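J.: File name input-v8.cif; file contents mmCIF, C-alpha atoms; full text below.
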```cif
data_protein
#
loop_
_atom_site.group_PDB
_atom_site.id
_atom_site.type_symbol
_atom_site.label_atom_id
_atom_site.label_comp_id
_atom_site.auth_asym_id
_atom_site.auth_seq_id
_atom_site.Cartn_x
_atom_site.Cartn_y
_atom_site.Cartn_z
ATOM 1 C CA MET U 1 -32.899 -22.190 14.550
ATOM 2 C CA ASP U 2 -35.045 -21.138 11.615
ATOM 3 C CA PRO U 3 -33.458 -22.812 8.547
ATOM 4 C CA ARG U 4 -34.507 -19.839 6.431
ATOM 5 C CA VAL U 5 -32.290 -17.525 8.488
ATOM 6 C CA TYR U 6 -29.273 -19.755 7.919
ATOM 7 C CA ARG U 7 -30.008 -20.062 4.203
ATOM 8 C CA ARG U 8 -30.246 -16.286 3.893
ATOM 9 C CA TYR U 9 -26.972 -15.979 5.767
ATOM 10 C CA CYS U 10 -25.232 -18.409 3.384
ATOM 11 C CA VAL U 11 -26.546 -16.507 0.362
ATOM 12 C CA GLY U 12 -25.281 -13.275 1.915
ATOM 13 C CA VAL U 13 -21.852 -14.814 2.493
ATOM 14 C CA TRP U 14 -21.697 -15.971 -1.133
ATOM 15 C CA LEU U 15 -22.533 -12.448 -2.298
ATOM 16 C CA VAL U 16 -19.821 -10.949 -0.068
ATOM 17 C CA ALA U 17 -17.246 -13.447 -1.369
ATOM 18 C CA ALA U 18 -18.322 -12.733 -4.961
ATOM 19 C CA ALA U 19 -18.002 -8.978 -4.365
ATOM 20 C CA LEU U 20 -14.528 -9.378 -2.831
ATOM 21 C CA GLY U 21 -13.424 -11.656 -5.624
ATOM 22 C CA ALA U 22 -14.958 -9.781 -8.567
ATOM 23 C CA TYR U 23 -11.952 -7.643 -9.491
ATOM 24 C CA PRO U 24 -9.274 -10.322 -8.883
ATOM 25 C CA LEU U 25 -11.273 -12.778 -11.003
ATOM 26 C CA TYR U 26 -11.661 -10.132 -13.690
ATOM 27 C CA MET U 27 -7.872 -9.665 -13.627
ATOM 28 C CA GLY U 28 -7.413 -13.407 -14.064
ATOM 29 C CA ILE U 29 -9.813 -13.526 -17.013
ATOM 30 C CA ARG U 30 -7.897 -10.694 -18.703
ATOM 31 C CA VAL U 31 -4.641 -12.559 -18.201
ATOM 32 C CA PHE U 32 -5.920 -15.786 -19.717
ATOM 33 C CA GLU U 33 -7.398 -13.881 -22.651
ATOM 34 C CA GLN U 34 -3.985 -12.350 -23.359
ATOM 35 C CA VAL U 35 -2.223 -15.690 -22.990
ATOM 36 C CA MET U 36 -4.622 -17.385 -25.395
ATOM 37 C CA LYS U 37 -4.324 -14.494 -27.849
ATOM 38 C CA ASN U 38 -0.604 -13.676 -27.703
ATOM 39 C CA GLY U 39 1.032 -16.430 -25.680
ATOM 40 C CA ALA U 40 2.136 -13.833 -23.089
ATOM 41 C CA ILE U 41 0.936 -10.700 -21.283
ATOM 42 C CA PRO U 42 2.229 -7.372 -22.651
ATOM 43 C CA ILE U 43 3.387 -5.162 -19.787
ATOM 44 C CA ALA U 44 0.846 -2.505 -20.770
ATOM 45 C CA GLU U 45 -1.951 -5.048 -20.342
ATOM 46 C CA TYR U 46 -0.688 -6.486 -17.065
ATOM 47 C CA PRO U 47 -3.308 -6.263 -14.273
ATOM 48 C CA LYS U 48 -1.648 -5.552 -10.947
ATOM 49 C CA TYR U 49 -1.052 -8.435 -8.567
ATOM 50 C CA VAL U 50 -3.014 -11.033 -10.485
ATOM 51 C CA ILE U 51 -1.124 -13.415 -8.240
ATOM 52 C CA PRO U 52 -1.839 -14.121 -5.476
ATOM 53 C CA TYR U 53 -5.233 -12.402 -5.526
ATOM 54 C CA THR U 54 -6.928 -14.244 -8.411
ATOM 55 C CA PRO U 55 -6.240 -17.681 -6.874
ATOM 56 C CA LEU U 56 -7.147 -16.248 -3.467
ATOM 57 C CA ALA U 57 -10.507 -14.999 -4.737
ATOM 58 C CA ALA U 58 -11.307 -18.364 -6.313
ATOM 59 C CA ALA U 59 -10.332 -20.209 -3.113
ATOM 60 C CA LEU U 60 -12.480 -17.893 -0.977
ATOM 61 C CA ILE U 61 -15.514 -18.450 -3.197
ATOM 62 C CA VAL U 62 -15.007 -22.229 -3.015
ATOM 63 C CA GLY U 63 -14.767 -22.025 0.777
ATOM 64 C CA THR U 64 -18.010 -20.058 1.108
ATOM 65 C CA LEU U 65 -19.851 -22.343 -1.291
ATOM 66 C CA LEU U 66 -18.902 -25.275 0.958
ATOM 67 C CA LEU U 67 -20.169 -23.516 4.110
ATOM 68 C CA PRO U 68 -23.663 -25.099 4.371
ATOM 69 C CA LEU U 69 -22.456 -28.555 3.308
ATOM 70 C CA LEU U 70 -19.554 -28.678 5.737
ATOM 71 C CA GLY U 71 -21.671 -27.193 8.515
ATOM 72 C CA ARG U 72 -24.022 -30.135 8.146
ATOM 73 C CA LEU U 73 -21.414 -32.856 7.628
ATOM 74 C CA CYS U 74 -18.478 -31.752 9.793
ATOM 75 C CA GLY U 75 -20.016 -29.875 12.719
ATOM 76 C CA ARG U 76 -17.323 -28.158 14.779
ATOM 77 C CA TRP U 77 -14.659 -29.216 12.269
ATOM 78 C CA ASP U 78 -16.246 -27.326 9.383
ATOM 79 C CA LEU U 79 -13.684 -24.512 9.442
ATOM 80 C CA PRO U 80 -10.536 -26.704 9.416
ATOM 81 C CA VAL U 81 -11.955 -28.795 6.570
ATOM 82 C CA GLY U 82 -13.171 -25.764 4.610
ATOM 83 C CA ALA U 83 -9.909 -23.887 5.134
ATOM 84 C CA GLY U 84 -7.904 -26.950 4.096
ATOM 85 C CA ILE U 85 -9.866 -27.428 0.868
ATOM 86 C CA SER U 86 -9.754 -23.718 0.057
ATOM 87 C CA SER U 87 -6.012 -23.550 0.729
ATOM 88 C CA ALA U 88 -5.460 -26.496 -1.621
ATOM 89 C CA VAL U 89 -7.442 -24.685 -4.326
ATOM 90 C CA PHE U 90 -5.380 -21.546 -3.754
ATOM 91 C CA PHE U 91 -1.982 -23.231 -3.995
ATOM 92 C CA LEU U 92 -2.997 -25.259 -7.051
ATOM 93 C CA LEU U 93 -4.220 -22.209 -9.000
ATOM 94 C CA GLU U 94 -1.310 -20.102 -7.765
ATOM 95 C CA ARG U 95 1.250 -22.581 -9.025
ATOM 96 C CA ILE U 96 -0.454 -22.914 -12.396
ATOM 97 C CA MET U 97 -0.492 -19.149 -12.903
ATOM 98 C CA GLU U 98 3.069 -18.662 -11.668
ATOM 99 C CA THR U 99 4.584 -21.171 -14.060
ATOM 100 C CA LYS U 100 2.330 -21.169 -17.115
ATOM 101 C CA ILE U 101 1.857 -17.413 -17.666
ATOM 102 C CA LEU U 102 4.601 -15.296 -19.223
ATOM 103 C CA VAL U 103 5.063 -11.515 -19.110
ATOM 104 C CA GLU U 104 6.310 -9.859 -22.293
ATOM 105 C CA THR U 105 9.245 -7.584 -21.376
ATOM 106 C CA VAL U 106 12.533 -7.556 -23.314
ATOM 107 C CA ASP U 107 12.366 -11.314 -22.861
ATOM 108 C CA LEU U 108 9.505 -13.552 -21.843
ATOM 109 C CA VAL U 109 9.540 -13.689 -18.039
ATOM 110 C CA PRO U 110 7.536 -16.135 -15.890
ATOM 111 C CA LEU U 111 4.815 -14.347 -13.967
ATOM 112 C CA GLU U 112 6.327 -15.250 -10.593
ATOM 113 C CA SER U 113 9.605 -13.517 -11.491
ATOM 114 C CA TRP U 114 7.838 -10.395 -12.729
ATOM 115 C CA GLN U 115 5.684 -10.335 -9.621
ATOM 116 C CA MET U 116 8.799 -10.256 -7.452
ATOM 117 C CA SER U 117 9.764 -6.887 -8.934
ATOM 118 C CA LEU U 118 6.408 -5.431 -7.884
ATOM 119 C CA CYS U 119 7.265 -6.095 -4.249
ATOM 120 C CA TYR U 120 9.923 -3.410 -4.636
ATOM 121 C CA ILE U 121 8.045 -0.781 -6.613
ATOM 122 C CA PRO U 122 4.758 -0.371 -8.559
ATOM 123 C CA PRO U 123 4.974 -1.279 -12.281
ATOM 124 C CA GLU U 124 4.328 2.247 -13.543
ATOM 125 C CA ARG U 125 7.657 3.388 -12.031
ATOM 126 C CA TYR U 126 9.601 0.183 -12.767
ATOM 127 C CA ALA U 127 11.556 1.611 -15.709
ATOM 128 C CA THR U 128 12.606 4.785 -13.860
ATOM 129 C CA ARG U 129 13.350 3.257 -10.463
ATOM 130 C CA THR U 130 16.485 4.101 -8.486
ATOM 131 C CA TRP U 131 18.291 1.438 -6.480
ATOM 132 C CA ALA U 132 20.412 1.568 -3.383
ATOM 133 C CA ALA U 133 24.154 1.771 -3.991
ATOM 134 C CA GLU U 134 24.712 -1.890 -3.192
ATOM 135 C CA ASP U 135 21.830 -2.769 -5.546
ATOM 136 C CA VAL U 136 20.425 -5.300 -3.077
ATOM 137 C CA LEU U 137 16.968 -5.061 -4.608
ATOM 138 C CA PHE U 138 18.058 -6.627 -7.858
ATOM 139 C CA GLY U 139 19.294 -10.171 -8.069
ATOM 140 C CA GLU U 140 18.516 -13.688 -9.136
ATOM 141 C CA TYR U 141 14.973 -14.895 -8.643
ATOM 142 C CA SER U 142 14.434 -17.079 -5.598
ATOM 143 C CA PRO U 143 11.173 -18.928 -4.899
ATOM 144 C CA ALA U 144 11.755 -18.208 -1.200
ATOM 145 C CA PHE U 145 10.588 -14.619 -1.717
ATOM 146 C CA LYS U 146 7.030 -15.932 -1.906
ATOM 147 C CA LEU U 147 7.031 -16.725 1.824
ATOM 148 C CA HIS U 148 5.382 -13.407 2.619
ATOM 149 C CA PHE U 149 3.063 -13.648 -0.412
ATOM 150 C CA TYR U 150 1.798 -16.999 0.788
ATOM 151 C CA LEU U 151 1.649 -15.883 4.417
ATOM 152 C CA ILE U 152 -0.551 -12.893 3.587
ATOM 153 C CA SER U 153 -2.764 -14.981 1.297
ATOM 154 C CA VAL U 154 -3.330 -17.772 3.813
ATOM 155 C CA VAL U 155 -4.015 -15.268 6.604
ATOM 156 C CA ILE U 156 -6.643 -13.489 4.496
ATOM 157 C CA LEU U 157 -8.234 -16.742 3.355
ATOM 158 C CA VAL U 158 -8.356 -18.490 6.726
ATOM 159 C CA THR U 159 -9.421 -15.463 8.790
ATOM 160 C CA LEU U 160 -12.186 -14.485 6.344
ATOM 161 C CA LEU U 161 -13.453 -18.061 6.345
ATOM 162 C CA GLY U 162 -13.107 -18.018 10.147
ATOM 163 C CA CYS U 163 -15.527 -15.086 10.276
ATOM 164 C CA PHE U 164 -17.978 -16.605 7.795
ATOM 165 C CA TYR U 165 -17.973 -20.059 9.395
ATOM 166 C CA GLY U 166 -17.960 -18.636 12.929
ATOM 167 C CA PHE U 167 -21.043 -16.476 12.428
ATOM 168 C CA GLY U 168 -22.675 -19.376 10.583
ATOM 169 C CA ARG U 169 -22.107 -21.703 13.520
ATOM 170 C CA MET U 170 -23.473 -19.051 15.878
ATOM 171 C CA ILE U 171 -26.674 -18.871 13.815
ATOM 172 C CA ARG U 172 -26.973 -22.672 13.647
ATOM 173 C CA THR U 173 -26.378 -23.354 17.334
ATOM 174 C CA GLY U 174 -27.495 -20.132 19.023
ATOM 175 C CA ASP U 175 -24.202 -20.035 20.962
ATOM 176 C CA ARG U 176 -23.178 -16.371 21.145
ATOM 177 C CA GLY U 177 -20.032 -16.916 23.204
ATOM 178 C CA ARG U 178 -17.711 -15.867 20.372
ATOM 179 C CA GLU U 179 -19.891 -13.096 18.985
ATOM 180 C CA ARG U 180 -17.830 -10.089 20.087
ATOM 181 C CA ALA U 181 -14.585 -11.837 19.223
ATOM 182 C CA LEU U 182 -15.927 -12.565 15.743
ATOM 183 C CA ILE U 183 -16.994 -8.937 15.305
ATOM 184 C CA VAL U 184 -13.509 -7.735 16.278
ATOM 185 C CA GLN U 185 -11.948 -10.387 14.043
ATOM 186 C CA ALA U 186 -14.153 -9.336 11.118
ATOM 187 C CA ALA U 187 -13.273 -5.654 11.591
ATOM 188 C CA ALA U 188 -9.538 -6.398 11.830
ATOM 189 C CA THR U 189 -9.615 -8.711 8.806
ATOM 190 C CA ALA U 190 -11.586 -6.207 6.719
ATOM 191 C CA SER U 191 -9.060 -3.501 7.635
ATOM 192 C CA PHE U 192 -6.178 -5.782 6.681
ATOM 193 C CA VAL U 193 -7.760 -6.641 3.326
ATOM 194 C CA GLY U 194 -8.185 -2.910 2.754
ATOM 195 C CA MET U 195 -4.497 -2.314 3.436
ATOM 196 C CA CYS U 196 -3.562 -5.145 1.069
ATOM 197 C CA ILE U 197 -5.607 -3.519 -1.688
ATOM 198 C CA TRP U 198 -3.937 -0.193 -0.907
ATOM 199 C CA ALA U 199 -0.522 -1.841 -1.139
ATOM 200 C CA CYS U 200 -1.421 -3.458 -4.467
ATOM 201 C CA PHE U 201 -1.989 -0.115 -6.140
ATOM 202 C CA THR U 202 0.680 1.938 -4.382
ATOM 203 C CA ALA U 203 3.279 -0.491 -2.923
ATOM 204 C CA PHE U 204 2.943 1.906 0.032
ATOM 205 C CA TYR U 205 4.703 4.613 -1.993
ATOM 206 C CA ARG U 206 8.118 2.955 -1.938
ATOM 207 C CA THR U 207 10.547 4.336 -4.506
ATOM 208 C CA GLY U 208 12.966 1.421 -4.667
ATOM 209 C CA GLU U 209 15.371 2.673 -1.988
ATOM 210 C CA LEU U 210 15.956 0.721 1.208
ATOM 211 C CA THR U 211 15.264 3.745 3.421
ATOM 212 C CA VAL U 212 11.618 4.641 2.878
ATOM 213 C CA SER U 213 9.736 7.891 3.423
ATOM 214 C CA PRO U 214 7.909 8.617 6.710
ATOM 215 C CA LEU U 215 4.565 7.975 4.971
ATOM 216 C CA SER U 216 5.740 4.644 3.600
ATOM 217 C CA ALA U 217 7.274 3.700 6.960
ATOM 218 C CA SER U 218 4.010 4.476 8.775
ATOM 219 C CA LEU U 219 1.960 2.405 6.343
ATOM 220 C CA MET U 220 4.369 -0.543 6.413
ATOM 221 C CA ALA U 221 4.527 -0.557 10.208
ATOM 222 C CA SER U 222 0.711 -0.358 10.403
ATOM 223 C CA PHE U 223 0.461 -3.231 7.933
ATOM 224 C CA PHE U 224 2.759 -5.419 10.043
ATOM 225 C CA LEU U 225 0.893 -4.523 13.230
ATOM 226 C CA LEU U 226 -2.483 -5.290 11.699
ATOM 227 C CA LEU U 227 -1.257 -8.590 10.277
ATOM 228 C CA GLY U 228 -0.203 -9.714 13.746
ATOM 229 C CA ILE U 229 -3.451 -8.544 15.344
ATOM 230 C CA VAL U 230 -5.579 -10.340 12.734
ATOM 231 C CA VAL U 231 -3.814 -13.644 13.399
ATOM 232 C CA GLY U 232 -3.717 -13.121 17.174
ATOM 233 C CA VAL U 233 -7.420 -12.311 17.477
ATOM 234 C CA PHE U 234 -8.266 -15.254 15.216
ATOM 235 C CA VAL U 235 -6.341 -17.599 17.513
ATOM 236 C CA GLY U 236 -7.748 -15.906 20.608
ATOM 237 C CA SER U 237 -11.350 -16.303 19.439
ATOM 238 C CA PHE U 238 -11.003 -20.068 19.972
ATOM 239 C CA LEU U 239 -9.475 -19.691 23.442
ATOM 240 C CA LEU U 240 -12.102 -17.537 25.142
ATOM 241 C CA GLY U 241 -12.767 -18.428 28.764
ATOM 242 C CA LYS U 242 -9.439 -20.215 29.261
ATOM 243 C CA THR U 243 -6.787 -19.099 31.722
ATOM 244 C CA ARG U 244 -5.001 -15.836 30.984
ATOM 245 C CA ALA U 245 -1.831 -17.688 30.020
ATOM 246 C CA VAL U 246 -3.816 -19.490 27.318
ATOM 247 C CA SER U 247 -6.454 -16.969 26.217
ATOM 248 C CA VAL U 248 -4.241 -13.868 26.187
ATOM 249 C CA TRP U 249 -0.594 -14.821 25.848
ATOM 250 C CA ILE U 250 -0.912 -17.555 23.234
ATOM 251 C CA PRO U 251 -2.662 -15.134 20.830
ATOM 252 C CA ALA U 252 -0.036 -12.480 21.624
ATOM 253 C CA VAL U 253 2.815 -14.860 20.848
ATOM 254 C CA SER U 254 0.997 -15.923 17.660
ATOM 255 C CA ALA U 255 0.854 -12.284 16.580
ATOM 256 C CA VAL U 256 4.562 -11.720 17.233
ATOM 257 C CA LEU U 257 5.595 -14.899 15.398
ATOM 258 C CA THR U 258 3.429 -13.977 12.401
ATOM 259 C CA VAL U 259 4.990 -10.518 12.112
ATOM 260 C CA LEU U 260 8.429 -12.070 12.539
ATOM 261 C CA ALA U 261 7.673 -14.439 9.662
ATOM 262 C CA MET U 262 6.712 -11.421 7.557
ATOM 263 C CA TYR U 263 10.028 -9.771 8.379
ATOM 264 C CA ILE U 264 11.867 -12.969 7.437
ATOM 265 C CA GLY U 265 10.024 -13.026 4.109
ATOM 266 C CA GLU U 266 11.041 -9.425 3.460
ATOM 267 C CA MET U 267 14.624 -10.253 4.410
ATOM 268 C CA ILE U 268 14.672 -13.106 1.886
ATOM 269 C CA LEU U 269 13.228 -10.843 -0.794
ATOM 270 C CA LEU U 270 15.859 -8.165 -0.146
ATOM 271 C CA HIS U 271 18.790 -10.592 0.014
ATOM 272 C CA GLY U 272 19.434 -10.323 3.748
ATOM 273 C CA ASN U 273 18.348 -6.694 4.137
ATOM 274 C CA LEU U 274 15.202 -4.943 5.371
ATOM 275 C CA TYR U 275 13.471 -1.723 4.463
ATOM 276 C CA ARG U 276 14.470 0.971 6.936
ATOM 277 C CA PHE U 277 11.846 3.267 8.416
ATOM 278 C CA GLY U 278 14.252 6.168 8.921
ATOM 279 C CA GLU U 279 17.806 7.250 9.714
ATOM 280 C CA GLY U 280 19.705 6.833 12.967
ATOM 281 C CA VAL U 281 20.377 4.183 15.584
ATOM 282 C CA PHE U 282 16.699 3.402 16.219
ATOM 283 C CA PHE U 283 16.209 2.478 12.563
ATOM 284 C CA SER U 284 19.541 0.712 11.941
ATOM 285 C CA GLY U 285 20.002 -3.043 12.030
ATOM 286 C CA LEU U 286 21.508 -4.622 15.120
ATOM 287 C CA GLY U 287 24.433 -6.372 13.457
ATOM 288 C CA ALA U 288 23.757 -9.943 12.372
ATOM 289 C CA LEU U 289 20.223 -9.694 13.777
ATOM 290 C CA VAL U 290 19.321 -7.345 10.861
ATOM 291 C CA LEU U 291 16.225 -6.188 12.764
ATOM 292 C CA ALA U 292 16.409 -2.592 13.967
ATOM 293 C CA PRO U 293 15.025 -1.375 17.326
ATOM 294 C CA ALA U 294 12.122 0.088 15.324
ATOM 295 C CA ASP U 295 11.338 -3.379 13.917
ATOM 296 C CA ILE U 296 11.537 -4.961 17.367
ATOM 297 C CA ALA U 297 9.142 -2.266 18.605
ATOM 298 C CA VAL U 298 6.684 -3.247 15.860
ATOM 299 C CA LEU U 299 6.973 -6.917 16.864
ATOM 300 C CA LEU U 300 6.359 -6.177 20.546
ATOM 301 C CA ALA U 301 3.534 -3.739 19.772
ATOM 302 C CA SER U 302 1.700 -6.366 17.730
ATOM 303 C CA GLY U 303 1.862 -8.770 20.670
ATOM 304 C CA ALA U 304 0.905 -6.123 23.236
ATOM 305 C CA LEU U 305 -2.092 -4.868 21.242
ATOM 306 C CA THR U 306 -3.258 -8.425 20.612
ATOM 307 C CA ALA U 307 -2.952 -9.254 24.327
ATOM 308 C CA TRP U 308 -4.936 -6.135 25.246
ATOM 309 C CA ILE U 309 -7.721 -6.922 22.756
ATOM 310 C CA CYS U 310 -7.982 -10.544 23.863
ATOM 311 C CA ARG U 311 -7.994 -9.470 27.516
ATOM 312 C CA MET U 312 -10.886 -7.089 26.806
ATOM 313 C CA LEU U 313 -12.834 -9.875 25.108
ATOM 314 C CA GLN U 314 -12.630 -12.242 28.078
ATOM 315 C CA PRO U 315 -15.271 -10.682 30.394
ATOM 316 C CA ALA U 316 -17.732 -10.413 27.518
ATOM 317 C CA ALA U 317 -17.230 -14.042 26.581
ATOM 318 C CA GLN U 318 -17.657 -15.194 30.184
ATOM 319 C CA THR U 319 -20.808 -13.093 30.638
ATOM 320 C CA VAL U 320 -22.443 -14.550 27.538
ATOM 321 C CA LYS U 321 -21.472 -18.024 28.684
ATOM 322 C CA LYS U 322 -23.088 -17.485 32.089
ATOM 323 C CA GLU U 323 -26.249 -16.109 30.482
ATOM 324 C CA ALA U 324 -26.474 -19.189 28.279
ATOM 325 C CA GLU U 325 -26.192 -21.413 31.348
#
```
Just give me the structure as structure tokens.
T.:
Amino acid sequence: MDPRVYRRYCVGVWLVAAALGAYPLYMGIRVFEQVMKNGAIPIAEYPKYVIPYTPLAAALIVGTLLLPLLGRLCGRWDLPVGAGISSAVFFLLERIMETKILVETVDLVPLESWQMSLCYIPPERYATRTWAAEDVLFGEYSPAFKLHFYLISVVILVTLLGCFYGFGRMIRTGDRGRERALIVQAAATASFVGMCIWACFTAFYRTGELTVSPLSASLMASFFLLLGIVVGVFVGSFLLGKTRAVSVWIPAVSAVLTVLAMYIGEMILLHGNLYRFGEGVFFSGLGALVLAPADIAVLLASGALTAWICRMLQPAAQTVKKEAE
């Protein structure tokens, strides 16, 4: 390996991380300026979703900065170590921002409580929102709602670092066995980050009612599907060349469990309810299960699509492995 190629790659990764993190870091700087100036953030000055994306951006930049050092010191364990350090940075900054920053509404509200309201509806329509008759979207703050916040953040952080570290290891070692899997993983992760940004600015066009519009339902279902695929392909990229039970079905199960965790997070946020993608039996909860047939279809589709992708990656991985031998 030409060391200059690897150095150029690391510089390129740093630039990508800086580009991804530029706006979230800018949001964080604005917040701290307001806190230092006024002691709280006026609603009019509130930058959308400063948590979790400002801590996430900082953690991603730390992880990419560590790439060459950990590649040299940790070898094949560079990703677990880098992801662990970056995750620690994320949770530390997240907790500081959640508890130390106040939003100026009628009263001073901790940032984490204000952020919870944005999971229901974008801030520009907060004052004019309409609620379901049972008013399930409005209740006491519970830290458990952050399950899906943290899940999304960790998935973005770890899978992006998985791409950066994976391509870096390929350049260092010349082993191209995971190349196609990494390309698919990068494309899926980039698409998921794009959907997260879309959700930040639109909340997928939810109006505050439990039954959402067809457009909102389509976007939410696509988001859940993509989340599962991103995690499944990430897991599958480390299992290439194994038996089908390992290389295909373990990633598929990982995808289903990840989407299920997202549903559980939404259920906690909505006090035991879920957003409904439409009217009728197919979209209604199955008693105590809460999940509707439509939700179960999303769960199964995430696993099936992940299994299909991982199955398609197997021949390519085996061919590259044979060529290397």
J.: Box for range 55-74 of chain U - axis-aligned, 6 Å on each of the six sides, all listed atoms - centre and size in Å to one decimal, as JSON.
T.:
```
{"center_x": -15.1, "center_y": -23.9, "center_z": 1.5, "size_x": 29.8, "size_y": 29.9, "size_z": 28.7}
```
J.: Would you kindly translate the PyMOL selection byres ((chain U and resi 304) around 12) into the concrete residues it picks from this file, as a ChimeraX atom specification?
T.: /U:225,228-229,232-233,248-256,297-303,305-311
J.: For the structure provided, state which residues fall under the PyMOL selection byres ((chain U and resi 216-223) around 7), and present them as a PyMOL selection string.
T.: chain U and resi 195+204-206+212-215+224-227+277+298
J.: Got a sec to resolve the PyMOL selection byres ((chain U and resi 69-72) around 12) on this structure and send the residues as an mmCIF file with C-alpha atoms, in the coordinates of the input?
T.:
```cif
data_model
loop_
_atom_site.group_PDB
_atom_site.id
_atom_site.type_symbol
_atom_site.label_atom_id
_atom_site.label_comp_id
_atom_site.auth_asym_id
_atom_site.auth_seq_id
_atom_site.Cartn_x
_atom_site.Cartn_y
_atom_site.Cartn_z
ATOM 1 C CA PRO U 3 -33.458 -22.812 8.547
ATOM 2 C CA TYR U 6 -29.273 -19.755 7.919
ATOM 3 C CA ARG U 7 -30.008 -20.062 4.203
ATOM 4 C CA CYS U 10 -25.232 -18.409 3.384
ATOM 5 C CA VAL U 62 -15.007 -22.229 -3.015
ATOM 6 C CA GLY U 63 -14.767 -22.025 0.777
ATOM 7 C CA THR U 64 -18.010 -20.058 1.108
ATOM 8 C CA LEU U 65 -19.851 -22.343 -1.291
ATOM 9 C CA LEU U 66 -18.902 -25.275 0.958
ATOM 10 C CA LEU U 67 -20.169 -23.516 4.110
ATOM 11 C CA PRO U 68 -23.663 -25.099 4.371
ATOM 12 C CA LEU U 73 -21.414 -32.856 7.628
ATOM 13 C CA CYS U 74 -18.478 -31.752 9.793
ATOM 14 C CA GLY U 75 -20.016 -29.875 12.719
ATOM 15 C CA ARG U 76 -17.323 -28.158 14.779
ATOM 16 C CA TRP U 77 -14.659 -29.216 12.269
ATOM 17 C CA ASP U 78 -16.246 -27.326 9.383
ATOM 18 C CA LEU U 79 -13.684 -24.512 9.442
ATOM 19 C CA PRO U 80 -10.536 -26.704 9.416
ATOM 20 C CA VAL U 81 -11.955 -28.795 6.570
ATOM 21 C CA GLY U 82 -13.171 -25.764 4.610
ATOM 22 C CA ALA U 83 -9.909 -23.887 5.134
ATOM 23 C CA GLY U 84 -7.904 -26.950 4.096
ATOM 24 C CA ILE U 85 -9.866 -27.428 0.868
ATOM 25 C CA PHE U 164 -17.978 -16.605 7.795
ATOM 26 C CA TYR U 165 -17.973 -20.059 9.395
ATOM 27 C CA GLY U 166 -17.960 -18.636 12.929
ATOM 28 C CA PHE U 167 -21.043 -16.476 12.428
ATOM 29 C CA GLY U 168 -22.675 -19.376 10.583
ATOM 30 C CA ARG U 169 -22.107 -21.703 13.520
ATOM 31 C CA MET U 170 -23.473 -19.051 15.878
ATOM 32 C CA ILE U 171 -26.674 -18.871 13.815
ATOM 33 C CA ARG U 172 -26.973 -22.672 13.647
ATOM 34 C CA THR U 173 -26.378 -23.354 17.334
#
```
J.: Using Å and a single decimal, report how far CA of Leu289 in chain U sits from CA of Cys196 in chain U.
T.: 27.3 Å
J.: For Ala40 in chain U, which residue among U:Arg8, U:Ala190, U:Lys100, U:Ser86 is the nearest when counting only C-alpha atoms?
T.: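 Among the listed residues, the smallest separation from Ala40 in chain U belongs to U:Lys100.
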J.: Quick check, in Å to one decimal: how far apart do CA of Leu210 in chain U and CA of Glu45 in chain U lie?
T.: 28.6 Å
J.: Restricting the calculation to only C-alpha atoms: of U:Met27, U:Ala187, U:Ile43, U:Leu151, which residue gets closest to Val230 in chain U?
T.: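 With only C-alpha atoms as the atom set, the closest residue is U:Ala187.
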J.: Could you check the closest approach to Ser237 in chain U for each of U:Val193, U:Arg180, U:Ala188, U:Gly278 and tell me which residue wins, using all atoms listed in the file?
T.: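 The closest residue to Ser237 in chain U is U:Arg180.
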J.: Determine the nearest neighbour of Glu33 in chain U from the options U:Arg244, U:Tyr46, U:Val13, U:Arg178, counting all atoms listed in the file.
T.: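 When distances to Glu33 in chain U are compared using all atoms listed in the file, the smallest one comes from U:Tyr46.
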J.: Please report the interatomic distance between CA of Val231 in chain U and CA of Thr159 in chain U in Å with one decimal.
T.: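 Rounded to one decimal, the two atoms are 7.5 Å apart.
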J.: Name the closest residue to Ala181 in chain U among the candidates U:Val281, U:Leu274, U:Leu257, U:Met312; distances are taken between atoms, counting all atoms listed in the file.
T.: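 Between U:Val281, U:Leu274, U:Leu257, U:Met312, the residue approaching Ala181 in chain U most closely is U:Met312.
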J.: Have a look at U:Phe234, U:His148, U:Gln185, U:Gly241 and name the one nearest to Tyr263 in chain U; count all atoms listed in the file.
T.: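 Closest residue, counting all atoms listed in the file: U:His148.
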